[in-house]
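Only one structure is covered here, and it is reproduced in the block below.
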Amino acid sequence: METNFELIEKEKIAELSFPKVDVLNDVSEKNQRFNDLNRALSLGNLEHSKIKIYFEDNNSKKVVETTVWGLTDHRVILKQGNVIPINRIFKSA
(Lines give C-alpha, C1' and ligand atoms only; values in the text may rest on other atoms or scores of the structure.)
Protein backbone atom coordinates (compact mmCIF):
# COMPACT_ATOMS: atom_id res chain seq x y z
CA MET A 1 0.00 0.00 0.00
CA GLU A 2 2.91 2.34 0.68
CA THR A 3 3.93 2.92 -2.95
CA ASN A 4 1.61 5.88 -3.59
CA PHE A 5 1.93 7.49 -0.16
CA GLU A 6 4.25 10.38 0.64
CA LEU A 7 5.96 10.16 4.04
CA ILE A 8 5.16 13.19 6.20
CA GLU A 9 6.34 14.30 9.65
CA LYS A 10 3.60 14.47 12.28
CA GLU A 11 4.43 18.13 12.95
CA LYS A 12 3.32 19.00 9.39
CA ILE A 13 -0.17 17.54 9.84
CA ALA A 14 -1.48 20.76 11.43
CA GLU A 15 -0.78 22.55 8.13
CA LEU A 16 -2.94 20.15 6.09
CA SER A 17 -6.54 20.62 4.99
CA PHE A 18 -8.99 17.71 5.05
CA PRO A 19 -12.19 17.35 2.99
CA LYS A 20 -15.30 16.05 4.75
CA VAL A 21 -15.90 13.05 2.45
CA ASP A 22 -14.80 9.60 3.67
CA VAL A 23 -11.97 7.90 1.76
CA LEU A 24 -13.61 4.50 2.38
CA ASN A 25 -17.00 3.47 1.01
CA ASP A 26 -17.40 -0.06 2.33
CA VAL A 27 -18.92 -0.48 5.81
CA SER A 28 -16.69 -3.46 6.62
CA GLU A 29 -13.59 -1.43 5.69
CA LYS A 30 -14.76 1.39 7.97
CA ASN A 31 -15.30 -1.08 10.82
CA GLN A 32 -11.84 -2.56 10.24
CA ARG A 33 -10.32 0.94 10.25
CA PHE A 34 -11.95 1.73 13.60
CA ASN A 35 -10.77 -1.59 15.09
CA ASP A 36 -7.22 -0.96 13.83
CA LEU A 37 -7.23 2.55 15.32
CA ASN A 38 -8.39 1.22 18.69
CA ARG A 39 -5.53 -1.28 18.58
CA ALA A 40 -3.12 1.53 17.70
CA LEU A 41 -4.42 3.53 20.66
CA SER A 42 -3.76 0.60 22.99
CA LEU A 43 -0.26 0.12 21.58
CA GLY A 44 0.45 3.84 21.95
CA ASN A 45 -0.73 4.11 25.53
CA LEU A 46 0.59 0.82 26.86
CA GLU A 47 3.82 0.31 24.93
CA HIS A 48 4.42 3.74 23.33
CA SER A 49 4.67 1.89 20.01
CA LYS A 50 4.64 3.80 16.75
CA ILE A 51 2.36 2.79 13.91
CA LYS A 52 1.89 3.97 10.35
CA ILE A 53 -1.29 5.83 9.45
CA TYR A 54 -2.19 5.98 5.75
CA PHE A 55 -4.42 8.94 4.98
CA GLU A 56 -5.35 11.54 2.38
CA ASP A 57 -5.62 15.32 2.70
CA ASN A 58 -7.07 17.62 0.03
CA ASN A 59 -3.94 17.23 -2.15
CA SER A 60 -2.46 13.74 -1.96
CA LYS A 61 -2.07 10.45 -0.11
CA LYS A 62 0.30 10.51 2.85
CA VAL A 63 1.69 8.23 5.53
CA VAL A 64 2.91 9.19 8.99
CA GLU A 65 4.75 7.05 11.53
CA THR A 66 3.59 8.12 14.97
CA THR A 67 2.08 7.15 18.32
CA VAL A 68 -1.70 7.42 18.75
CA TRP A 69 -2.47 9.22 22.02
CA GLY A 70 -6.24 9.48 21.76
CA LEU A 71 -9.26 8.58 19.71
CA THR A 72 -12.66 10.28 19.42
CA ASP A 73 -15.62 9.42 17.22
CA HIS A 74 -14.20 11.65 14.49
CA ARG A 75 -10.47 12.16 15.07
CA VAL A 76 -7.22 10.44 15.86
CA ILE A 77 -5.16 12.47 18.33
CA LEU A 78 -1.39 12.37 17.98
CA LYS A 79 1.41 13.86 20.06
CA GLN A 80 1.45 17.66 20.40
CA GLY A 81 -2.30 17.83 19.75
CA ASN A 82 -2.06 17.04 16.04
CA VAL A 83 -5.20 15.36 14.71
CA ILE A 84 -6.24 13.42 11.62
CA PRO A 85 -9.94 13.05 10.81
CA ILE A 86 -10.88 9.36 10.90
CA ASN A 87 -12.84 9.67 7.67
CA ARG A 88 -9.58 10.56 5.84
CA ILE A 89 -7.68 7.46 7.03
CA PHE A 90 -7.33 4.43 4.77
CA LYS A 91 -5.68 2.18 7.34
CA SER A 92 -3.22 1.98 10.20
CA ALA A 93 -0.57 -0.66 10.62
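Ordered as shown in the C-alpha coordinates, chains take letters A, B, and onward, while each chain numbers its residues from 1 and ligands are numbered from 1 in the order shown.
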As a PDB file with all heavy atoms, in the first residue's frame, please: the residues near Ile51 in chain A (cut-off 12 Å, only C-alpha atoms, same-chain neighbours under 5 positions excluded).
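Written output follows (selection_14.pdb):
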ATOM      1  N   LYS A  10       4.846  14.183  11.565  1.00  0.00           N
ATOM      2  CA  LYS A  10       3.600  14.471  12.284  1.00  0.00           C
ATOM      3  C   LYS A  10       3.416  15.957  12.568  1.00  0.00           C
ATOM      4  O   LYS A  10       2.298  16.457  12.636  1.00  0.00           O
ATOM      5  CB  LYS A  10       3.501  13.652  13.561  1.00  0.00           C
ATOM      6  CG  LYS A  10       4.496  14.024  14.635  1.00  0.00           C
ATOM      7  CD  LYS A  10       4.318  13.141  15.851  1.00  0.00           C
ATOM      8  CE  LYS A  10       5.414  13.332  16.860  1.00  0.00           C
ATOM      9  NZ  LYS A  10       6.733  12.981  16.406  1.00  0.00           N
ATOM     10  N   ASP A  36      -8.675  -1.171  13.922  1.00  0.00           N
ATOM     11  CA  ASP A  36      -7.225  -0.962  13.830  1.00  0.00           C
ATOM     12  C   ASP A  36      -6.785   0.263  14.622  1.00  0.00           C
ATOM     13  O   ASP A  36      -5.737   0.262  15.268  1.00  0.00           O
ATOM     14  CB  ASP A  36      -6.788  -0.808  12.372  1.00  0.00           C
ATOM     15  CG  ASP A  36      -6.900  -2.103  11.580  1.00  0.00           C
ATOM     16  OD1 ASP A  36      -7.056  -3.180  12.204  1.00  0.00           O
ATOM     17  OD2 ASP A  36      -6.854  -2.035  10.338  1.00  0.00           O
ATOM     18  N   LEU A  37      -7.583   1.332  14.569  1.00  0.00           N
ATOM     19  CA  LEU A  37      -7.234   2.553  15.315  1.00  0.00           C
ATOM     20  C   LEU A  37      -7.329   2.330  16.822  1.00  0.00           C
ATOM     21  O   LEU A  37      -6.506   2.853  17.583  1.00  0.00           O
ATOM     22  CB  LEU A  37      -8.120   3.716  14.878  1.00  0.00           C
ATOM     23  CG  LEU A  37      -7.849   4.231  13.468  1.00  0.00           C
ATOM     24  CD1 LEU A  37      -8.919   5.236  13.050  1.00  0.00           C
ATOM     25  CD2 LEU A  37      -6.463   4.857  13.364  1.00  0.00           C
ATOM     26  N   ASN A  38      -8.303   1.546  17.264  1.00  0.00           N
ATOM     27  CA  ASN A  38      -8.392   1.216  18.690  1.00  0.00           C
ATOM     28  C   ASN A  38      -7.185   0.402  19.135  1.00  0.00           C
ATOM     29  O   ASN A  38      -6.657   0.607  20.221  1.00  0.00           O
ATOM     30  CB  ASN A  38      -9.694   0.469  18.991  1.00  0.00           C
ATOM     31  CG  ASN A  38     -10.830   1.409  19.259  1.00  0.00           C
ATOM     32  OD1 ASN A  38     -10.739   2.278  20.123  1.00  0.00           O
ATOM     33  ND2 ASN A  38     -11.902   1.269  18.508  1.00  0.00           N
ATOM     34  N   ARG A  39      -6.740  -0.495  18.284  1.00  0.00           N
ATOM     35  CA  ARG A  39      -5.533  -1.278  18.584  1.00  0.00           C
ATOM     36  C   ARG A  39      -4.313  -0.363  18.651  1.00  0.00           C
ATOM     37  O   ARG A  39      -3.472  -0.480  19.540  1.00  0.00           O
ATOM     38  CB  ARG A  39      -5.326  -2.361  17.524  1.00  0.00           C
ATOM     39  CG  ARG A  39      -4.134  -3.252  17.780  1.00  0.00           C
ATOM     40  CD  ARG A  39      -4.039  -4.363  16.728  1.00  0.00           C
ATOM     41  NE  ARG A  39      -2.861  -5.153  16.939  1.00  0.00           N
ATOM     42  CZ  ARG A  39      -1.643  -4.833  16.500  1.00  0.00           C
ATOM     43  NH1 ARG A  39      -1.449  -3.725  15.826  1.00  0.00           N
ATOM     44  NH2 ARG A  39      -0.610  -5.614  16.736  1.00  0.00           N
ATOM     45  N   ALA A  40      -4.226   0.576  17.711  1.00  0.00           N
ATOM     46  CA  ALA A  40      -3.116   1.535  17.698  1.00  0.00           C
ATOM     47  C   ALA A  40      -3.120   2.386  18.960  1.00  0.00           C
ATOM     48  O   ALA A  40      -2.064   2.700  19.515  1.00  0.00           O
ATOM     49  CB  ALA A  40      -3.200   2.415  16.454  1.00  0.00           C
ATOM     50  N   LEU A  41      -4.311   2.754  19.424  1.00  0.00           N
ATOM     51  CA  LEU A  41      -4.423   3.528  20.660  1.00  0.00           C
ATOM     52  C   LEU A  41      -3.889   2.731  21.843  1.00  0.00           C
ATOM     53  O   LEU A  41      -3.122   3.251  22.656  1.00  0.00           O
ATOM     54  CB  LEU A  41      -5.883   3.922  20.906  1.00  0.00           C
ATOM     55  CG  LEU A  41      -6.182   4.629  22.219  1.00  0.00           C
ATOM     56  CD1 LEU A  41      -5.455   5.965  22.294  1.00  0.00           C
ATOM     57  CD2 LEU A  41      -7.678   4.808  22.395  1.00  0.00           C
ATOM     58  N   SER A  42      -4.260   1.462  21.916  1.00  0.00           N
ATOM     59  CA  SER A  42      -3.756   0.598  22.995  1.00  0.00           C
ATOM     60  C   SER A  42      -2.241   0.469  22.938  1.00  0.00           C
ATOM     61  O   SER A  42      -1.558   0.573  23.952  1.00  0.00           O
ATOM     62  CB  SER A  42      -4.390  -0.784  22.914  1.00  0.00           C
ATOM     63  OG  SER A  42      -5.771  -0.701  23.138  1.00  0.00           O
ATOM     64  N   LEU A  43      -1.709   0.245  21.742  1.00  0.00           N
ATOM     65  CA  LEU A  43      -0.258   0.124  21.584  1.00  0.00           C
ATOM     66  C   LEU A  43       0.442   1.423  21.981  1.00  0.00           C
ATOM     67  O   LEU A  43       1.506   1.405  22.599  1.00  0.00           O
ATOM     68  CB  LEU A  43       0.100  -0.234  20.144  1.00  0.00           C
ATOM     69  CG  LEU A  43      -0.205  -1.658  19.710  1.00  0.00           C
ATOM     70  CD1 LEU A  43       0.023  -1.809  18.206  1.00  0.00           C
ATOM     71  CD2 LEU A  43       0.654  -2.646  20.470  1.00  0.00           C
ATOM     72  N   GLY A  44      -0.148   2.552  21.632  1.00  0.00           N
ATOM     73  CA  GLY A  44       0.448   3.841  21.949  1.00  0.00           C
ATOM     74  C   GLY A  44       0.464   4.119  23.434  1.00  0.00           C
ATOM     75  O   GLY A  44       1.467   4.598  23.977  1.00  0.00           O
ATOM     76  N   VAL A  63       1.527   9.183   4.451  1.00  0.00           N
ATOM     77  CA  VAL A  63       1.689   8.228   5.534  1.00  0.00           C
ATOM     78  C   VAL A  63       2.537   8.892   6.608  1.00  0.00           C
ATOM     79  O   VAL A  63       3.478   9.623   6.312  1.00  0.00           O
ATOM     80  CB  VAL A  63       2.319   6.887   5.048  1.00  0.00           C
ATOM     81  CG1 VAL A  63       3.683   7.101   4.442  1.00  0.00           C
ATOM     82  CG2 VAL A  63       2.365   5.871   6.173  1.00  0.00           C
ATOM     83  N   VAL A  64       2.163   8.660   7.865  1.00  0.00           N
ATOM     84  CA  VAL A  64       2.911   9.193   8.989  1.00  0.00           C
ATOM     85  C   VAL A  64       3.196   8.046   9.955  1.00  0.00           C
ATOM     86  O   VAL A  64       2.353   7.171  10.149  1.00  0.00           O
ATOM     87  CB  VAL A  64       2.136  10.344   9.692  1.00  0.00           C
ATOM     88  CG1 VAL A  64       0.827   9.859  10.288  1.00  0.00           C
ATOM     89  CG2 VAL A  64       2.988  11.023  10.750  1.00  0.00           C
ATOM     90  N   GLU A  65       4.398   8.047  10.513  1.00  0.00           N
ATOM     91  CA  GLU A  65       4.748   7.055  11.533  1.00  0.00           C
ATOM     92  C   GLU A  65       4.727   7.774  12.863  1.00  0.00           C
ATOM     93  O   GLU A  65       5.500   8.712  13.089  1.00  0.00           O
ATOM     94  CB  GLU A  65       6.114   6.448  11.256  1.00  0.00           C
ATOM     95  CG  GLU A  65       6.412   5.277  12.169  1.00  0.00           C
ATOM     96  CD  GLU A  65       7.635   4.483  11.751  1.00  0.00           C
ATOM     97  OE1 GLU A  65       8.184   4.726  10.667  1.00  0.00           O
ATOM     98  OE2 GLU A  65       8.024   3.608  12.536  1.00  0.00           O
ATOM     99  N   THR A  66       3.817   7.369  13.745  1.00  0.00           N
ATOM    100  CA  THR A  66       3.585   8.120  14.969  1.00  0.00           C
ATOM    101  C   THR A  66       2.955   7.238  16.036  1.00  0.00           C
ATOM    102  O   THR A  66       2.623   6.088  15.793  1.00  0.00           O
ATOM    103  CB  THR A  66       2.675   9.335  14.668  1.00  0.00           C
ATOM    104  OG1 THR A  66       2.582  10.154  15.827  1.00  0.00           O
ATOM    105  CG2 THR A  66       1.297   8.895  14.229  1.00  0.00           C
ATOM    106  N   THR A  67       2.773   7.803  17.213  1.00  0.00           N
ATOM    107  CA  THR A  67       2.081   7.154  18.316  1.00  0.00           C
ATOM    108  C   THR A  67       0.693   7.769  18.434  1.00  0.00           C
ATOM    109  O   THR A  67       0.561   8.993  18.412  1.00  0.00           O
ATOM    110  CB  THR A  67       2.850   7.362  19.638  1.00  0.00           C
ATOM    111  OG1 THR A  67       4.175   6.861  19.475  1.00  0.00           O
ATOM    112  CG2 THR A  67       2.191   6.645  20.789  1.00  0.00           C
ATOM    113  N   VAL A  68      -0.326   6.938  18.551  1.00  0.00           N
ATOM    114  CA  VAL A  68      -1.696   7.423  18.753  1.00  0.00           C
ATOM    115  C   VAL A  68      -1.902   7.641  20.250  1.00  0.00           C
ATOM    116  O   VAL A  68      -1.738   6.730  21.047  1.00  0.00           O
ATOM    117  CB  VAL A  68      -2.726   6.417  18.196  1.00  0.00           C
ATOM    118  CG1 VAL A  68      -4.144   6.838  18.550  1.00  0.00           C
ATOM    119  CG2 VAL A  68      -2.565   6.269  16.692  1.00  0.00           C
ATOM    120  N   TRP A  69      -2.266   8.875  20.609  1.00  0.00           N
ATOM    121  CA  TRP A  69      -2.468   9.216  22.024  1.00  0.00           C
ATOM    122  C   TRP A  69      -3.934   9.239  22.417  1.00  0.00           C
ATOM    123  O   TRP A  69      -4.268   9.100  23.587  1.00  0.00           O
ATOM    124  CB  TRP A  69      -1.821  10.561  22.337  1.00  0.00           C
ATOM    125  CG  TRP A  69      -0.336  10.482  22.324  1.00  0.00           C
ATOM    126  CD1 TRP A  69       0.503  10.895  21.333  1.00  0.00           C
ATOM    127  CD2 TRP A  69       0.497   9.906  23.324  1.00  0.00           C
ATOM    128  NE1 TRP A  69       1.806  10.621  21.658  1.00  0.00           N
ATOM    129  CE2 TRP A  69       1.837  10.010  22.891  1.00  0.00           C
ATOM    130  CE3 TRP A  69       0.260   9.309  24.558  1.00  0.00           C
ATOM    131  CZ2 TRP A  69       2.916   9.556  23.632  1.00  0.00           C
ATOM    132  CZ3 TRP A  69       1.332   8.853  25.297  1.00  0.00           C
ATOM    133  CH2 TRP A  69       2.641   8.974  24.831  1.00  0.00           C
ATOM    134  N   LEU A  78      -2.799  12.726  17.938  1.00  0.00           N
ATOM    135  CA  LEU A  78      -1.385  12.375  17.976  1.00  0.00           C
ATOM    136  C   LEU A  78      -0.682  13.258  18.995  1.00  0.00           C
ATOM    137  O   LEU A  78      -1.285  14.156  19.584  1.00  0.00           O
ATOM    138  CB  LEU A  78      -0.769  12.561  16.584  1.00  0.00           C
ATOM    139  CG  LEU A  78      -1.535  11.923  15.423  1.00  0.00           C
ATOM    140  CD1 LEU A  78      -0.868  12.279  14.104  1.00  0.00           C
ATOM    141  CD2 LEU A  78      -1.631  10.428  15.598  1.00  0.00           C
ATOM    142  N   LYS A  91      -6.001   3.269   6.414  1.00  0.00           N
ATOM    143  CA  LYS A  91      -5.684   2.176   7.339  1.00  0.00           C
ATOM    144  C   LYS A  91      -4.551   2.594   8.257  1.00  0.00           C
ATOM    145  O   LYS A  91      -3.863   3.590   8.024  1.00  0.00           O
ATOM    146  CB  LYS A  91      -5.323   0.902   6.592  1.00  0.00           C
ATOM    147  CG  LYS A  91      -3.977   0.925   5.884  1.00  0.00           C
ATOM    148  CD  LYS A  91      -3.655  -0.422   5.275  1.00  0.00           C
ATOM    149  CE  LYS A  91      -2.412  -0.975   5.919  1.00  0.00           C
ATOM    150  NZ  LYS A  91      -2.086  -2.316   5.593  1.00  0.00           N
ATOM    151  N   SER A  92      -4.372   1.807   9.307  1.00  0.00           N
ATOM    152  CA  SER A  92      -3.224   1.981  10.199  1.00  0.00           C
ATOM    153  C   SER A  92      -2.594   0.611  10.377  1.00  0.00           C
ATOM    154  O   SER A  92      -3.271  -0.407  10.378  1.00  0.00           O
ATOM    155  CB  SER A  92      -3.656   2.575  11.534  1.00  0.00           C
ATOM    156  OG  SER A  92      -4.614   1.738  12.165  1.00  0.00           O
ATOM    157  N   ALA A  93      -1.282   0.612  10.490  1.00  0.00           N
ATOM    158  CA  ALA A  93      -0.565  -0.663  10.616  1.00  0.00           C
ATOM    159  C   ALA A  93       0.665  -0.493  11.491  1.00  0.00           C
ATOM    160  O   ALA A  93       1.224   0.561  11.574  1.00  0.00           O
ATOM    161  CB  ALA A  93      -0.150  -1.154   9.241  1.00  0.00           C
TER     162      ALA A  93
END
Nearest residue to His74 in chain A out of A:Glu29, A:Lys20, A:Asn58, A:Lys50, using only C-alpha atoms?
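Checking each of A:Glu29, A:Lys20, A:Asn58, A:Lys50 against His74 in chain A, counting only C-alpha atoms, the winner is A:Lys20.
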Just the number, please: distance in Å from CA of Thr3 in chain A to CA of Val27 in chain A, one decimal.
24.7 Å
Among listed residues A:Asp57, A:Leu46, A:Pro19, A:Phe34, nearest Thr72 in chain A (using only C-alpha atoms):
A:Phe34
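Restricting the calculation to only C-alpha atoms, the smallest distance between Lys79 in chain A and any of A:Asn45, A:Glu56, A:Asn25, A:Phe18 is found for A:Asn45.
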DSSP alpha helix (DSSP H) residues within range 11-93 of chain A, listed as a ChimeraX atom specification
/A:27-47
Write out as a list in words all residues of chain A that DSSP puts in strand (DSSP E or B) for this structure's backbone.
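Everything in chain A that counts as strand (DSSP E or B) is Glu6, Leu7, Ile51, Lys52, Ile53, Tyr54, Phe55, Glu56, Lys61, Lys62, Val63, Val64, Glu65, Thr66, Val68, Trp69, Gly70, Leu71, Arg75, Val76, Ile77, Leu78, Val83, Ile84, Pro85, Ile89, Phe90, Lys91 and Ser92 of chain A.
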Distance criterion (only C-alpha atoms): nearest to Gln80 in chain A out of A:Lys30, A:Lys62, A:Lys52, A:Lys12:
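Selected residue with least distance to Gln80 in chain A: A:Lys12.
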Report, in Å with one decimal, the straight-line distance from CA of Glu11 in chain A to CA of Leu24 in chain A.
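Separation between CA of Glu11 in chain A and CA of Leu24 in chain A: 25.0 Å.
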Determine, counting only C-alpha atoms, which protein, DNA and RNA residues have an atom within 7 Å of an atom of Ile84 in chain A; residues of the same chain fewer than 4 positions away are not included. Present the result as a PyMOL selection string.
chain A and resi 75-77
Just write the chosen residues, all heavy atoms, as a tab-separated table (two decimals), in the first residue's frame.
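So part18.tsv came out as:
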chain	number	residue	atom	x	y	z
A	75	ARG	N	-11.87	11.79	15.24
A	75	ARG	CA	-10.47	12.16	15.07
A	75	ARG	C	-9.52	11.22	15.79
A	75	ARG	O	-9.84	10.67	16.83
A	75	ARG	CB	-10.22	13.56	15.64
A	75	ARG	CG	-10.94	14.64	14.91
A	75	ARG	CD	-10.57	15.98	15.51
A	75	ARG	NE	-11.29	17.03	14.80
A	75	ARG	CZ	-11.89	18.02	15.38
A	75	ARG	NH1	-11.87	18.14	16.69
A	75	ARG	NH2	-12.50	18.94	14.67
A	76	VAL	N	-8.33	11.11	15.21
A	76	VAL	CA	-7.22	10.44	15.86
A	76	VAL	C	-6.32	11.55	16.41
A	76	VAL	O	-5.96	12.47	15.68
A	76	VAL	CB	-6.43	9.57	14.85
A	76	VAL	CG1	-5.17	9.01	15.49
A	76	VAL	CG2	-7.29	8.46	14.33
A	77	ILE	N	-5.98	11.45	17.68
A	77	ILE	CA	-5.16	12.47	18.33
A	77	ILE	C	-3.73	11.93	18.46
A	77	ILE	O	-3.50	10.86	19.01
A	77	ILE	CB	-5.72	12.83	19.71
A	77	ILE	CG1	-7.17	13.30	19.57
A	77	ILE	CG2	-4.85	13.89	20.38
A	77	ILE	CD1	-7.92	13.35	20.87
All residues 7 Å or closer to Phe90 in chain A, only C-alpha atoms, same chain fewer than 2 positions away omitted, as a PyMOL selection string:
chain A and resi 23-24+54-55+88
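With only C-alpha atoms as the atoms that count, the residue of A:Ile86, A:Leu71, A:Ile53, A:Val21 with the shortest distance to Glu9 in chain A is A:Ile53.
When CA of Asn82 in chain A is paired with CA of Asp26 in chain A, their separation reads 26.7 Å.
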Given the choices A:Glu47, A:Glu15, A:Asp73, A:Glu6, which gets closest to Asn87 in chain A if the distance is worked out from only C-alpha atoms?
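So, comparing all the options, the nearest one is A:Asp73.
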